[in-house]
Amino acid sequence: MIKKILLGNEAIVQGALEAGVNFVSAYPGTPSSEIGNVFSKIAKENGVYFEFSTNEKVALEAAIGASFSGLKSLVAMKSFGVNVCLDSLIPLLYTGVVGPMVIIVADDPSCWSSAQSEENSRAFAYLAHIPILEPADPQEAKDFTKFAFKLSEKFKLPVIVKTTTRVAHQRMPVVIDPKVNTGTQKTGEFIKNPHQFVTMPPRVLEMKKELLEKIEKIRDFAEKSPLNKVSGVRNTAKVGIITSGVSYLHTLEALKELNLHIPVLKLGFFYPLPKKIIQPFIKKLNRVLVVEELEGYLEKEITALAKDINPKLQIFGKNLLSPIGELNANKITFALAKILGRKYQIPEVKEIIPKRYPNPCLGCPHLLTFSILKKLTSKNIIFGGDIGCYMLAGMPQFNLQDYLFSMGSSVGIGHGIMKATKKQKVIALMGDSTFFHAGISALINTVFNKSSPLIIVLDNRTTAMTGHQTNPGIGKTGMGEDTAILKPEEIAVACGVKNIKVIDPVNIKEYESTIKEFLNKKEVSLIVARRICALLIKKQKNG
Amino acid sequence: MVKNSFNIIIAGVGGQGLITLTQILAEAALSEGYDVKTSELHGLSQRGGSVETHIRFGKKIYSPLIDGKKADLVISLETQEGARKIPLSHSKTIFAVNNDYVLYRGGFSREKIEQKIKSLLKKRLYLIPASEICKKELQNGVVSGVYLLGYCIFKKIIPLKANSILKAIKKIVPIKYLELNKKAFNLVNRN
Ligand SMILES: Cc1ncc(C[n+]2csc(CCOP(=O)(O)OP(=O)(O)O)c2C)c(N)n1
């Protein structure tokens with residue numbers, strides 16, 4: 001055992017290796033991306049199969065196939081990825097796994113690296129009945145990942161390890177086992193068992209019953225697990241704290257700040273909730289503060305538990321700690337001081353320097369598109385934004401984004417706008433990775449249902465925003481092997497798109513005249529603006 | 001010896017190599033027997049916007065974040081980004097700021113920001129022409145962060161040993177750039 005400074009995401013990779021993972025799939029998304037990036041580099045030498053999948057749904061499905069064939073699998077994604085794979089995730093809990101499976105889900109409270117929404121993925125526990133563990137730091141990220149494999153193996157269910165930006169992108173010295181199993185890739189075998197793998201009625205309802213029973217067994221197990229721990233004085237205390245994830249670390253800082261010694265229950269298990277640990281903890285208290293980020297799910301659970309065990313307990317949580325934005329020690333200090341009747345003011349921080357917004361990099365090919373589109377600004381041209389570096393089109397200096405939702409939605413929503421308005425024209429932007437991820441079904445819908453947006457695929461030959469991962473258009477797999485190069489323009493032909501052109505955006509004149517020509521078309525049209533990401537060129541040069 | 005914790009905020013503009021500096025400091029602190037935590041942001045925030053990382057080391061560190069006004073030191077790779085952190089500082093926070101300027105829409109002019117940061121920080125400010133020195137001496141401005149680090153170590157602003165930093169540099173920096181980085185780190189001693 002040695003100590004090594006690791007990023008939370010690196011610690012997760014280490015935990016998976018120590019657990020003997022065989023099969024890893026991921027779709028990038030900050031703050032989860034480094035998990036895939038690291039596996040992309042080290043999978044081969046460690047006898048692990050790794051792929052960047054086309055999207056999170058196929059990433060999960062790939063791992064399901066591997067698990068059904070007996071392999072230990074890991075899937076990594078950001079919060080929004082769960083929305084995409086949910087349709088297969090829910091039945092997976094019904095069938096359960098064969099080889100253990102761990103799913104890493106990274107939330108981003110405060111939206112440091114996310115548009116779309118401030119999603120709290122813990123809610124999926126209730127919907128899918130999937131066990132969720134919440135580590136606080138890289139050491140726990142490693143330990144919990146390893147533990148999650150054991151849990152999955154024991155109960156034959158997939159397990160989510162849920163991080164946040166401040167866990168995934170936190171560094172600390174982590175105790176690691178330097179001798180992880182390296183060797184040749186393991187081959188699995190799919191042993192037919194329709195009783196387990198086919199979720200058709202009437203069996204499906206039986207499966208649900210089995211699932212709910214398993215969850216209660218896991219709850220018993222969680223109630224004895226050291227992943228939930230109590231610290232601080234106990235017996236005489238009247239005030240206590242219940243917390244989870246990185247909030248635990250901020251809580252310890254807050255207690256230090258106020259020089260307080262009160263009991264803290266840190267829950268490693270979010271679901272199933274270890275009720276028998278919580279009950280004795282709250283039994284003798286007068287007041288409890290629930291410290292959790294975003295929506296107050298734990299608080300609700302604890303309120304329900306207190307009704308039976310300690311109806312007079314005063315429960316504080318979201319009334320003092322906002323459900324919006326990440327927590328920090330100051331906010332928790334404030335809440336504690338309030339409860340204890342002490343004076344504390346969150347230090348006021350006034351901005352004295354104007355905001356510096358992110359900007360396209362020097363030589364970014366997206367800039368060429370922005371500069372042409374800027375000239376077309378009018379109330380009858382709607383600019384559909386999508387997810388990627390080209391979201392920068394929405395920055396004040398460009399102001400070229402009239403709506404922004406989720407991956408692939410520029411075309412889906414654009415179609416609806418064109419159907420509804422008839423005379424307004426939508427120009428929908430979409431990156432290459434986004435096109436493969438979720439754009440194709442939306443494209444087919446425009447042909448099928450006869451609408452006519454202009455789609456511009458900004459093909460910068462990479463998944464740039466999340467750190468230059470490969471995608472189906474590149475010709476390299478996540479393990480660096482050669483593979484087919486899929487071309488958006490050829491896919492568009494096959495989808496029945498009539499007006500298609502591939503342009504190097506430096507050819508401004510040609511680009512501009514094509515846009516003008518296509519804007520007059522009665523059918524959907526598609527331009528592939530193809531030029532490699534400037535940052536990627538620089539990266540490749542620097543090796 | 002650090003009693004409680006020593007808290008450093010590194011500020012700059014996306015792409016200036018903040019994360020490498022953060023890693024070097026973390027490794028050095030660990031090698032001196034400290035507990036250490038860092039926090040950083042990846043992703044779109046890197047694309048030319050303001051960025052910051054936090055490093056804390058001491059006997060026992062819990063949170064990776066430096067809240068409120070608890071920074072002991074702000075290292076900034078650019079003047080406007082250095083000034084941006086003034087509201088996060090207390091009356092004793094030291095600022096080691098590269099006197100380099102990256103223009104942006106809505107920002108201050110070079111002269112104005114220099115005036116502002118000097119008048120607000122007075123004796124707490126070390127305004128160091130790191131980029132200029134590195135370009136002149138090493139024909140490379142990229143290592144100005146490592147030069148600043150050297151400055152803070154040799155002037156005893158950061159309570160870590162030069163040798164620990166050098167060992168950390170060896171561990172973190174790719175072999176191709178190792179000599180350059182070592183030179184940048186030691187440059188302060190020559191002037
Ligand atoms: C469902 C989902 N998965 C992942 C992400 C994270 N994400 C944000 S931008 C992006 C990359 C998009 O790449 P591309 O479309 O090629 O555009 P580029 O950044 O290269 O311009 C990803 C994967 C997300 N927002 N939603």
# chains A, B, ... in the order shown; residues from 1 in each chain; ligands from 1
call {"tool": "select_by_dssp", "arguments": {"residues": "stretch 167-268 of chain A", "states": "helix (DSSP H, G or I)", "output": "PyMOL selection string"}}
result
chain A and resi 167-168+194-197+203-223+247-257
call {"tool": "write_last_selection", "arguments": {"atoms": "C-alpha atoms", "output": "PDB file, in the first residue's frame"}}
result
ATOM      1  CA  VAL A 167     -15.453  15.214  -5.247  1.00  0.00           C
ATOM      2  CA  ALA A 168     -14.548  14.354  -8.840  1.00  0.00           C
ATOM      3  CA  PRO A 194     -34.708 -15.908 -20.161  1.00  0.00           C
ATOM      4  CA  HIS A 195     -36.198 -16.180 -16.690  1.00  0.00           C
ATOM      5  CA  GLN A 196     -33.712 -13.552 -15.566  1.00  0.00           C
ATOM      6  CA  PHE A 197     -33.156 -11.494 -18.703  1.00  0.00           C
ATOM      7  CA  ARG A 203     -42.763 -12.197 -14.980  1.00  0.00           C
ATOM      8  CA  VAL A 204     -42.036  -8.464 -14.848  1.00  0.00           C
ATOM      9  CA  LEU A 205     -44.218  -7.976 -11.777  1.00  0.00           C
ATOM     10  CA  GLU A 206     -42.577 -10.903 -10.044  1.00  0.00           C
ATOM     11  CA  MET A 207     -39.275  -9.241 -10.812  1.00  0.00           C
ATOM     12  CA  LYS A 208     -40.434  -6.039  -9.206  1.00  0.00           C
ATOM     13  CA  LYS A 209     -41.318  -7.989  -6.058  1.00  0.00           C
ATOM     14  CA  GLU A 210     -37.887  -9.612  -6.034  1.00  0.00           C
ATOM     15  CA  LEU A 211     -36.289  -6.197  -6.474  1.00  0.00           C
ATOM     16  CA  LEU A 212     -38.149  -4.644  -3.567  1.00  0.00           C
ATOM     17  CA  GLU A 213     -37.184  -7.589  -1.377  1.00  0.00           C
ATOM     18  CA  LYS A 214     -33.538  -7.256  -2.389  1.00  0.00           C
ATOM     19  CA  ILE A 215     -33.621  -3.573  -1.496  1.00  0.00           C
ATOM     20  CA  GLU A 216     -34.776  -4.392   2.043  1.00  0.00           C
ATOM     21  CA  LYS A 217     -31.928  -6.902   2.331  1.00  0.00           C
ATOM     22  CA  ILE A 218     -29.487  -4.251   1.173  1.00  0.00           C
ATOM     23  CA  ARG A 219     -30.974  -1.886   3.734  1.00  0.00           C
ATOM     24  CA  ASP A 220     -30.171  -4.413   6.490  1.00  0.00           C
ATOM     25  CA  PHE A 221     -26.690  -4.651   5.095  1.00  0.00           C
ATOM     26  CA  ALA A 222     -26.325  -0.854   4.873  1.00  0.00           C
ATOM     27  CA  GLU A 223     -27.392  -0.540   8.476  1.00  0.00           C
ATOM     28  CA  SER A 247     -21.054  18.413   2.447  1.00  0.00           C
ATOM     29  CA  TYR A 248     -19.549  16.329   5.246  1.00  0.00           C
ATOM     30  CA  LEU A 249     -16.155  17.961   4.715  1.00  0.00           C
ATOM     31  CA  HIS A 250     -17.655  21.442   4.662  1.00  0.00           C
ATOM     32  CA  THR A 251     -19.547  20.548   7.841  1.00  0.00           C
ATOM     33  CA  LEU A 252     -16.324  19.631   9.637  1.00  0.00           C
ATOM     34  CA  GLU A 253     -14.849  22.995   8.610  1.00  0.00           C
ATOM     35  CA  ALA A 254     -17.931  24.785   9.900  1.00  0.00           C
ATOM     36  CA  LEU A 255     -17.703  23.000  13.260  1.00  0.00           C
ATOM     37  CA  LYS A 256     -14.060  24.011  13.497  1.00  0.00           C
ATOM     38  CA  GLU A 257     -14.953  27.611  12.707  1.00  0.00           C
TER      39      GLU A 257
END
call {"tool": "interface_residues", "arguments": {"of": "chain B", "to": "chain A", "cutoff": "9 Å", "atoms": "only C-alpha atoms", "output": "PyMOL selection string"}}
result
chain B and resi 13-14+23+26-27+30+35-50+61-69+80-81+83-88+104-108
call {"tool": "residues_near_ligand", "arguments": {"ligand": "ligand 1", "cutoff": "9 Å", "atoms": "only C-alpha atoms and all ligand atoms", "output": "VMD selection string"}}
result
(chain A and resid 27 to 31 33 55 to 56 77 to 85 113 to 116 366 386 to 391 406 to 408 430 to 438 457 to 469 471 533) or (chain B and resid 43 to 44)
call {"tool": "residues_around", "arguments": {"residues": "A:Gly496", "least_positions_apart": "2", "cutoff": "10 Å", "atoms": "only C-alpha atoms", "output": "compact mmCIF listing (two decimals) with C-alpha atoms, in the first residue's frame"}}
result
# COMPACT_ATOMS: atom_id res chain seq x y z
CA LEU A 443 -32.84 14.52 -38.20
CA ILE A 444 -34.95 11.57 -39.34
CA THR A 446 -37.53 16.34 -39.87
CA VAL A 447 -37.52 14.25 -43.06
CA PHE A 448 -40.31 11.94 -41.92
CA ILE A 491 -25.85 9.43 -42.73
CA ALA A 492 -27.95 12.41 -43.87
CA VAL A 493 -28.14 10.98 -47.39
CA ALA A 494 -29.36 7.68 -45.99
CA LYS A 498 -31.76 16.17 -50.22
CA ASN A 499 -29.71 19.33 -49.65
CA VAL A 524 -34.57 20.13 -44.51
call {"tool": "atom_distance", "arguments": {"atom1": "atom CA of A:Lys266", "atom2": "atom CA of A:Thr243"}}
result
5.0 Å
call {"tool": "atom_distance", "arguments": {"atom1": "atom CA of A:Ser121", "atom2": "atom CA of A:Lys57"}}
result
15.8 Å
call {"tool": "closest_residue", "arguments": {"among": "B:His54, B:Lys92, B:Lys171, B:Lys156", "to": "B:Lys123", "atoms": "only C-alpha atoms"}}
result
B:Lys92
call {"tool": "atom_distance", "arguments": {"atom1": "atom CA of A:Asn286", "atom2": "atom CA of A:Lys312"}}
result
7.2 Å
call {"tool": "closest_residue", "arguments": {"among": "A:Ile515, A:Ile242, A:Val75, A:Ile12", "to": "A:Val58", "atoms": "only C-alpha atoms"}}
result
A:Val75
call {"tool": "select_by_dssp", "arguments": {"residues": "stretch 90-295 of chain A", "states": "strand (DSSP E)", "output": "PyMOL selection string"}}
result
chain A and resi 101-107+132-133+159-164+170-176+229-231+239-244+264-267+269-271+287-291
call {"tool": "write_last_selection", "arguments": {"atoms": "N, CA and C atoms", "output": "compact mmCIF listing (two decimals), in the first residue's frame"}}
result
# COMPACT_ATOMS: atom_id res chain seq x y z
N MET A 101 -21.84 -4.72 -11.47
CA MET A 101 -21.78 -3.50 -12.27
C MET A 101 -21.86 -2.25 -11.39
N VAL A 102 -20.95 -1.31 -11.65
CA VAL A 102 -20.98 -0.04 -10.93
C VAL A 102 -21.15 1.08 -11.95
N ILE A 103 -22.04 2.00 -11.63
CA ILE A 103 -22.28 3.14 -12.52
C ILE A 103 -21.84 4.40 -11.78
N ILE A 104 -20.91 5.13 -12.40
CA ILE A 104 -20.47 6.40 -11.78
C ILE A 104 -21.30 7.52 -12.38
N VAL A 105 -21.93 8.29 -11.53
CA VAL A 105 -22.74 9.42 -11.99
C VAL A 105 -22.21 10.68 -11.31
N ALA A 106 -21.87 11.68 -12.11
CA ALA A 106 -21.27 12.89 -11.56
C ALA A 106 -22.24 14.07 -11.70
N ASP A 107 -22.69 14.58 -10.57
CA ASP A 107 -23.54 15.77 -10.55
C ASP A 107 -22.68 17.03 -10.53
N ILE A 132 -27.52 3.85 -4.13
CA ILE A 132 -26.63 4.98 -4.42
C ILE A 132 -25.72 5.24 -3.22
N LEU A 133 -24.43 5.31 -3.51
CA LEU A 133 -23.44 5.65 -2.49
C LEU A 133 -22.88 7.03 -2.80
N VAL A 159 -24.99 -0.76 -8.92
CA VAL A 159 -24.88 0.22 -7.84
C VAL A 159 -24.34 1.52 -8.43
N ILE A 160 -24.95 2.64 -8.03
CA ILE A 160 -24.44 3.95 -8.46
C ILE A 160 -23.51 4.52 -7.40
N VAL A 161 -22.34 4.98 -7.83
CA VAL A 161 -21.50 5.81 -6.97
C VAL A 161 -21.67 7.23 -7.50
N LYS A 162 -22.26 8.08 -6.67
CA LYS A 162 -22.61 9.42 -7.14
C LYS A 162 -21.63 10.45 -6.60
N THR A 163 -20.92 11.11 -7.51
CA THR A 163 -19.98 12.15 -7.09
C THR A 163 -20.58 13.51 -7.42
N THR A 164 -19.87 14.54 -7.06
CA THR A 164 -20.17 15.89 -7.53
C THR A 164 -18.85 16.50 -8.00
N GLN A 170 -11.49 16.96 -6.87
CA GLN A 170 -10.73 17.20 -5.64
C GLN A 170 -9.50 16.29 -5.70
N ARG A 171 -8.36 16.82 -5.20
CA ARG A 171 -7.17 15.96 -5.10
C ARG A 171 -6.79 15.79 -3.65
N MET A 172 -6.28 14.61 -3.32
CA MET A 172 -5.73 14.37 -1.99
C MET A 172 -4.87 13.11 -2.04
N PRO A 173 -4.03 12.88 -1.04
CA PRO A 173 -3.27 11.64 -1.00
C PRO A 173 -4.22 10.46 -0.74
N VAL A 174 -4.15 9.48 -1.60
CA VAL A 174 -5.04 8.32 -1.49
C VAL A 174 -4.20 7.07 -1.28
N VAL A 175 -4.61 6.23 -0.35
CA VAL A 175 -3.92 4.96 -0.12
C VAL A 175 -4.33 4.00 -1.22
N ILE A 176 -3.36 3.54 -1.99
CA ILE A 176 -3.69 2.64 -3.10
C ILE A 176 -2.87 1.36 -3.04
N LYS A 229 -21.22 6.64 9.23
CA LYS A 229 -20.47 6.73 10.48
C LYS A 229 -20.86 7.96 11.31
N VAL A 230 -20.76 7.75 12.63
CA VAL A 230 -21.07 8.85 13.55
C VAL A 230 -19.77 9.34 14.15
N SER A 231 -19.60 10.66 14.19
CA SER A 231 -18.43 11.20 14.88
C SER A 231 -18.89 12.29 15.84
N VAL A 239 -28.09 18.72 19.97
CA VAL A 239 -28.09 19.17 18.58
C VAL A 239 -27.19 18.25 17.78
N GLY A 240 -27.63 17.87 16.62
CA GLY A 240 -26.81 17.00 15.78
C GLY A 240 -26.92 17.35 14.31
N ILE A 241 -26.04 16.74 13.52
CA ILE A 241 -26.03 17.00 12.07
C ILE A 241 -26.08 15.67 11.33
N ILE A 242 -26.89 15.62 10.28
CA ILE A 242 -26.85 14.47 9.38
C ILE A 242 -26.46 15.00 8.01
N THR A 243 -25.47 14.34 7.39
CA THR A 243 -24.97 14.86 6.13
C THR A 243 -24.46 13.73 5.24
N SER A 244 -24.09 14.08 4.01
CA SER A 244 -23.56 13.08 3.09
C SER A 244 -22.68 13.76 2.05
N VAL A 264 -22.07 14.13 14.45
CA VAL A 264 -22.33 14.20 13.02
C VAL A 264 -22.54 12.79 12.50
N LEU A 265 -23.66 12.56 11.86
CA LEU A 265 -23.88 11.29 11.18
C LEU A 265 -23.63 11.51 9.70
N LYS A 266 -22.63 10.80 9.19
CA LYS A 266 -22.34 10.89 7.76
C LYS A 266 -22.85 9.63 7.09
N LEU A 267 -23.76 9.83 6.14
CA LEU A 267 -24.36 8.69 5.45
C LEU A 267 -23.60 8.40 4.16
N PHE A 269 -24.48 5.60 2.42
CA PHE A 269 -25.62 5.10 1.64
C PHE A 269 -26.68 6.18 1.56
N PHE A 270 -27.03 6.59 0.36
CA PHE A 270 -28.21 7.44 0.21
C PHE A 270 -29.44 6.56 0.05
N TYR A 271 -29.27 5.46 -0.72
CA TYR A 271 -30.39 4.54 -0.96
C TYR A 271 -29.84 3.14 -1.06
N ARG A 287 -32.73 19.11 18.27
CA ARG A 287 -32.63 19.76 16.97
C ARG A 287 -31.64 19.02 16.09
N VAL A 288 -31.98 18.89 14.82
CA VAL A 288 -31.03 18.29 13.89
C VAL A 288 -30.97 19.14 12.64
N LEU A 289 -29.76 19.30 12.13
CA LEU A 289 -29.58 20.02 10.86
C LEU A 289 -29.20 18.98 9.80
N VAL A 290 -29.97 18.96 8.73
CA VAL A 290 -29.65 18.05 7.62
C VAL A 290 -28.89 18.86 6.57
N VAL A 291 -27.64 18.45 6.36
CA VAL A 291 -26.78 19.19 5.43
C VAL A 291 -26.61 18.37 4.16
call {"tool": "residues_around", "arguments": {"residues": "stretch 139-146 of chain B", "least_positions_apart": "5", "cutoff": "7 Å", "atoms": "only C-alpha atoms", "output": "PyMOL selection string"}}
result
chain B and resi 21+77+130-131+134+181+184-185
call {"tool": "write_last_selection", "arguments": {"atoms": "C-alpha atoms", "output": "tab-separated table (two decimals), in the first residue's frame"}}
result
chain	number	residue	atom	x	y	z
B	21	LEU	CA	1.01	24.37	-10.49
B	77	LEU	CA	-0.96	34.54	-13.55
B	130	ALA	CA	7.24	36.83	-14.51
B	131	SER	CA	6.22	36.42	-18.14
B	134	CYS	CA	10.80	34.08	-18.56
B	181	ASN	CA	10.63	24.15	-15.63
B	184	ALA	CA	12.18	28.74	-14.38
B	185	PHE	CA	11.82	27.69	-10.77
